[in-house]
Amino acid sequence: MTGLPFRTRAAHSFQREVGRLGAFFWVLPIAFVLRFLMRYHIKDVAQVRARYRALLRERNHPLLICPNHLTMMDSAVIAWALGGSWWYVFHYRRMPWNLPEYNNYASQWPTRMGAWITKCIPVVRGGRREDASRVIKLVQHLLSRGDTALIFPEAGRSRSGRVEADSAAHAVGRILTSVPGCQPLCVYLRGDRQETWSTVPARGDSFYIDFEVVEPQSDHSGMRRSRDFSQQIVDRLVGMEEEYFARR
């Protein structure tokens, strides 16, 4: 479907299997750091995880997680909040693939190896178009085979501390329009002490999280359709944020 070379597909299948076999040795330690060293707390975590697992049972489709973005730990906190560490050990395909920025997570060999083990595909922000296209095709391939992926629909961490409606990343729409049945899961995450963007959330913070599947629509085709999808997802995150602050 994506025209990926066999060597590329084989390399990422190998990456996935190594991570799966070693999941006990990296999923649980990350959860330990989040819960006990950083002392993070997910509000209503049992209810959140029960809703997420029920959603997966009801919707047997490729799932693209699309969260808001304020810190460099968002993807780890979201995965931990939705699934729980032990659950991922036994449901490894539901551990989402992530696309971290290369210079933040993979520019040195120790962090590059860590990213490789933890289902990451580093990308260079603002890099060559062909490299970005290759990563998009790879995510398309992984989703089409039943894996889950997480991509931030905003083009980087929000500098205003709020979801920025005019910063939609078109890659999300390209993936959704090219993977049959793929559904976007909009996720809104916010720490009680998170006033604006930062490198990591404050130690001891408590997180509100909510999510919903959206079904973007467009009368257009090609790139315009992809842009419509991306914008609708960001707009829904804006709405979820407004609902959060209204309740708060």
# chains A, B, ... in the order shown; residues from 1 in each chain; ligands from 1
call {"tool": "residues_around", "arguments": {"residues": "Cys120 (chain A)", "least_positions_apart": "3", "cutoff": "12 Å", "atoms": "only C-alpha atoms", "output": "ChimeraX atom specification"}}
result
/A:12,15-16,19,75-76,95-102,105-106,111-117,123,135,138-139,148-151
call {"tool": "select_by_dssp", "arguments": {"residues": "region 28-216 of chain A", "states": "helix (DSSP H, G or I)", "output": "MDAnalysis selection string"}}
result
chainID A and resid 28:37 45:58 74:83 85:90 92:94 102:105 109:117 129:144 170:178
call {"tool": "closest_residue", "arguments": {"among": "A:His170, A:His220, A:Arg203, A:Arg51", "to": "Leu37 (chain A)", "atoms": "only C-alpha atoms"}}
result
A:Arg203
call {"tool": "residues_around", "arguments": {"residues": "region 186-199 of chain A", "least_positions_apart": "5", "cutoff": "9 Å", "atoms": "only C-alpha atoms", "output": "JSON, numbers by chain"}}
result
{"A": [64, 65, 66, 67, 68, 69, 70, 71, 72, 73, 74, 77, 78, 157, 158, 159, 160, 161, 162, 205, 206, 207, 208, 209, 210, 211, 212, 213, 214, 233, 234, 236, 237, 240, 241, 244]}
call {"tool": "residues_around", "arguments": {"residues": "Trp87 (chain A)", "least_positions_apart": "3", "cutoff": "12 Å", "atoms": "only C-alpha atoms", "output": "list of chain:residue names"}}
result
A:Ala23, A:Phe24, A:Val27, A:Leu28, A:Ala31, A:Arg49, A:Ala50, A:Tyr52, A:Arg53, A:Ala79, A:Trp80, A:Ala81, A:Leu82, A:Gly83, A:Gly84, A:Phe90, A:His91, A:Tyr92, A:Arg93, A:Arg94, A:Met95
